[in-house]
Amino acid sequence: MSKTMADAVTVDDGVDNLNVVAQELLPTPEDVHNRLPLTEAARDTVLVGRRVVEDILDRRDPRVFLVVGPCSIHDIDLAHDYARRLKALADEVKDTVFIIMRVYFEKPRTTVGWKGLINDPHMDDSFRIDEGLYKARKLLLDLAEMGLPAATEALDPITPQYISDLITWTAIGARTTESQTHREMASGLSTPVGFKNGTDGSLEVAINALHSVAHPHSFLGINGQGQCAVIRTRGNRYGHVVLRGGGGKPNYDSVNIALCEKELTAAQLPPNLVVDCSHANSNKDPGLQPLVLDNLVNQITEGNRSIVGMMVESNIGWGNQKMNGSPEDLVYGVSITDACIDWETTEKSVRDMAARLRDALPARLEKAS
Ligand SMILES: O=C[C@H](O)[C@H](O)COP(=O)(O)O
Ligand SMILES: C=C(OP(=O)(O)O)C(=O)O
């Protein structure tokens, strides 16, 4: 049984915690792992997936990786439905494209709004974070067991203790790339980590993040038993940039890609770029995402070597919907955060991409050092 509500304590003593209403205990990471342990099959998916992404980043594998899936997970059955379709597509295109499902449980907000399935799994402001953590871990476990690797945004610095053994690729979002806390956390993650450029389009914050994440750090965190701990990290050598556009302008075109390559080389960093086809690169218009993807494939077939991955926001249904009333009133398959392309468009875009990349791969391998 959850300890959350029963163990809520009021903490305002007249001088401290004046704006804190209560503190509620959560199950520890160890409690959650014990109830939902990593299985052999899941472990294989994660380890193989991470190795493929590392090989792509190290130019030992000529393929590209594609992070594709909903803007956010709000319905577990829908996530399973999407994952079954994606797994079949992933198997079909695996010779050219390594597919990782976008499984985002934490949403950074510009101001306020639903902050994702972990924060508010019932989508009714009940904020049952305890249930959210179990739901998130169970879904990731199911996906890994079916052989589908998962990508997520690491937003809350405590969350990785609960789920990161099931993650293949991690993003640090545009709103947190400049944050020391997130760079420290990423320096200890076991996955390759993509840092988005800033929401204003600034690349500098992502380049600074790459220097920071590669270094060892010591910082405050929690251990598996939920105790406060000094976390000492080794540094993560698989940090890379994710271009998502910003400041009202896209940055996926060949000129921006060349500028980014130049800045990375000047900073003595490997010229590895992932491009997010959504967000400011598509002006948040889902219909533009396939065009951005197509442009990136053109750049690769014309010889570009720095684009190693892409991201697409996709769901079963097109667009997005507002959450106005009860979650039961939501239209099945449609995003409740950013607008997504639908499944038919996803299948077509990924198949086209794979077919067009097939001829470009041998040259990518020849050029690999
Ligand atoms: O990808 C999701 C959103 O772009 C991000 O969470 C910001 O959303 P908001 O501006 O609607 O808060
Ligand atoms: C919030 C996201 O992106 P960004 O950080 O680029 O805005 C996202 O991918 O969900």
# chains A, B, ... in the order shown; residues from 1 in each chain; ligands from 1
$ residues_around --residues "A:Glu145" --least-positions-apart "5" --cutoff "8 Å" --atoms "only C-alpha atoms" --output "number ranges by chain"
A: 39, 41-42, 45
$ write_last_selection --atoms "N, CA and C atoms" --output "CSV table (one decimal), in the first residue's frame"
chain,number,residue,atom,x,y,z
A,39,THR,N,14.1,-7.4,-15.9
A,39,THR,CA,14.2,-8.8,-16.3
A,39,THR,C,15.4,-9.0,-17.3
A,41,ALA,N,15.3,-10.1,-20.4
A,41,ALA,CA,15.0,-9.6,-21.7
A,41,ALA,C,15.0,-8.1,-21.7
A,42,ALA,N,14.5,-7.4,-20.7
A,42,ALA,CA,14.5,-6.0,-20.7
A,42,ALA,C,16.0,-5.4,-20.6
A,45,THR,N,17.6,-5.5,-24.0
A,45,THR,CA,17.1,-4.4,-24.9
A,45,THR,C,17.8,-3.1,-24.6
$ closest_atom_pairs --of "chain A" --to "ligand 2" --cutoff "6 Å" --atoms "only C-alpha atoms and all ligand atoms" --output "Markdown table"
| residue | atom | partner | partner_atom_place_in_ligand_line | distance |
| --- | --- | --- | --- | --- |
| A:Cys71 | CA | ligand 2 | 10 (O) | 5.6 |
| A:Pro108 | CA | ligand 2 | 1 (C) | 5.8 |
| A:Gly173 | CA | ligand 2 | 5 (O) | 3.3 |
| A:Ala174 | CA | ligand 2 | 5 (O) | 3.7 |
| A:Arg175 | CA | ligand 2 | 5 (O) | 5.7 |
| A:Lys196 | CA | ligand 2 | 6 (O) | 5.8 |
| A:Arg244 | CA | ligand 2 | 6 (O) | 5.5 |
$ write_last_selection --atoms "N, CA and C atoms" --output "PDB file, in the first residue's frame"
ATOM      1  N   CYS A  71       4.425  13.142 -27.863  1.00  0.00           N
ATOM      2  CA  CYS A  71       5.030  14.252 -27.132  1.00  0.00           C
ATOM      3  C   CYS A  71       5.083  13.892 -25.651  1.00  0.00           C
ATOM      4  N   PRO A 108       8.457  19.764 -19.188  1.00  0.00           N
ATOM      5  CA  PRO A 108       8.857  21.080 -18.675  1.00  0.00           C
ATOM      6  C   PRO A 108       7.863  22.099 -19.210  1.00  0.00           C
ATOM      7  N   GLY A 173      16.205  18.927 -21.805  1.00  0.00           N
ATOM      8  CA  GLY A 173      15.376  19.824 -22.604  1.00  0.00           C
ATOM      9  C   GLY A 173      15.941  21.233 -22.752  1.00  0.00           C
ATOM     10  N   ALA A 174      15.340  21.961 -23.687  1.00  0.00           N
ATOM     11  CA  ALA A 174      15.809  23.314 -24.000  1.00  0.00           C
ATOM     12  C   ALA A 174      15.752  24.237 -22.784  1.00  0.00           C
ATOM     13  N   ARG A 175      14.802  23.982 -21.894  1.00  0.00           N
ATOM     14  CA  ARG A 175      14.655  24.855 -20.724  1.00  0.00           C
ATOM     15  C   ARG A 175      15.633  24.516 -19.608  1.00  0.00           C
ATOM     16  N   LYS A 196      19.441  19.767 -25.781  1.00  0.00           N
ATOM     17  CA  LYS A 196      18.783  20.646 -26.733  1.00  0.00           C
ATOM     18  C   LYS A 196      19.459  22.018 -26.737  1.00  0.00           C
ATOM     19  N   ARG A 244      16.823  21.998 -32.096  1.00  0.00           N
ATOM     20  CA  ARG A 244      15.353  21.998 -32.073  1.00  0.00           C
ATOM     21  C   ARG A 244      14.785  23.321 -32.561  1.00  0.00           C
TER      22      ARG A 244
END
$ residues_near_ligand --ligand "ligand 1" --cutoff "6 Å" --atoms "only C-alpha atoms and all ligand atoms" --output "NGL selection string"
:A and (71 or 107-111 or 338)
$ write_last_selection --atoms "N, CA and C atoms" --output "JSON list (two decimals), in the first residue's frame"
[["chain", "number", "residue", "atom", "x", "y", "z"],
["A", 71, "CYS", "N", 4.43, 13.14, -27.86],
["A", 71, "CYS", "CA", 5.03, 14.25, -27.13],
["A", 71, "CYS", "C", 5.08, 13.89, -25.65],
["A", 107, "LYS", "N", 7.10, 16.70, -18.33],
["A", 107, "LYS", "CA", 6.99, 17.82, -19.25],
["A", 107, "LYS", "C", 7.44, 19.12, -18.60],
["A", 108, "PRO", "N", 8.46, 19.76, -19.19],
["A", 108, "PRO", "CA", 8.86, 21.08, -18.67],
["A", 108, "PRO", "C", 7.86, 22.10, -19.21],
["A", 109, "ARG", "N", 7.34, 22.97, -18.40],
["A", 109, "ARG", "CA", 6.33, 23.92, -18.89],
["A", 109, "ARG", "C", 6.91, 25.32, -18.99],
["A", 110, "THR", "N", 6.45, 26.06, -19.98],
["A", 110, "THR", "CA", 6.88, 27.44, -20.15],
["A", 110, "THR", "C", 6.39, 28.25, -18.95],
["A", 111, "THR", "N", 5.17, 28.02, -18.53],
["A", 111, "THR", "CA", 4.66, 28.65, -17.31],
["A", 111, "THR", "C", 4.07, 27.53, -16.44],
["A", 338, "ASP", "N", 2.13, 18.73, -27.04],
["A", 338, "ASP", "CA", 2.34, 19.28, -28.39],
["A", 338, "ASP", "C", 1.70, 18.41, -29.46]]
$ closest_residue --among "A:Leu166, A:Leu361, A:Ile222, A:Ala206" --to "A:Val48" --atoms "only C-alpha atoms"
A:Leu166
$ residues_around --residues "A:Pro62" --least-positions-apart "6" --cutoff "7 Å" --atoms "only C-alpha atoms" --output "number ranges by chain"
A: 56, 361, 364-365
$ write_last_selection --atoms "C-alpha atoms" --output "PDB file, in the first residue's frame"
ATOM      1  CA  ILE A  56      26.467   5.451 -34.128  1.00  0.00           C
ATOM      2  CA  LEU A 361      24.947   4.022 -45.773  1.00  0.00           C
ATOM      3  CA  ARG A 364      28.934   6.701 -44.352  1.00  0.00           C
ATOM      4  CA  LEU A 365      30.803   3.568 -43.332  1.00  0.00           C
TER       5      LEU A 365
END
$ closest_residue --among "A:Asp294, A:Asp16, A:Asp200, A:Glu30" --to "A:Gln161" --atoms "only C-alpha atoms"
A:Glu30
$ atom_distance --atom1 "atom CA of A:Asp91" --atom2 "atom CA of A:Ile341"
20.6 Å
$ select_by_dssp --residues "stretch 26-241 of chain A" --states "strand (DSSP E)" --output "ChimeraX atom specification"
/A:64-69,97-102,150-153,169-172,193-196,218-222,228-232,239-241
$ closest_residue --among "A:Ala88, A:Leu288, A:Glu204, A:Leu357" --to "A:Gly303" --atoms "only C-alpha atoms"
A:Leu357
$ atom_distance --atom1 "atom CA of A:Tyr104" --atom2 "atom CA of A:Ala151"
7.3 Å
$ residues_around --residues "stretch 123-125 of chain A" --least-positions-apart "5" --cutoff "8 Å" --atoms "only C-alpha atoms" --output "compact mmCIF listing (two decimals) with C-alpha atoms, in the first residue's frame"
# COMPACT_ATOMS: atom_id res chain seq x y z
CA TRP A 114 0.09 19.32 -16.77
CA LEU A 117 2.32 11.16 -16.09
CA SER A 326 -12.51 14.60 -17.31
CA PRO A 327 -9.75 12.40 -18.81
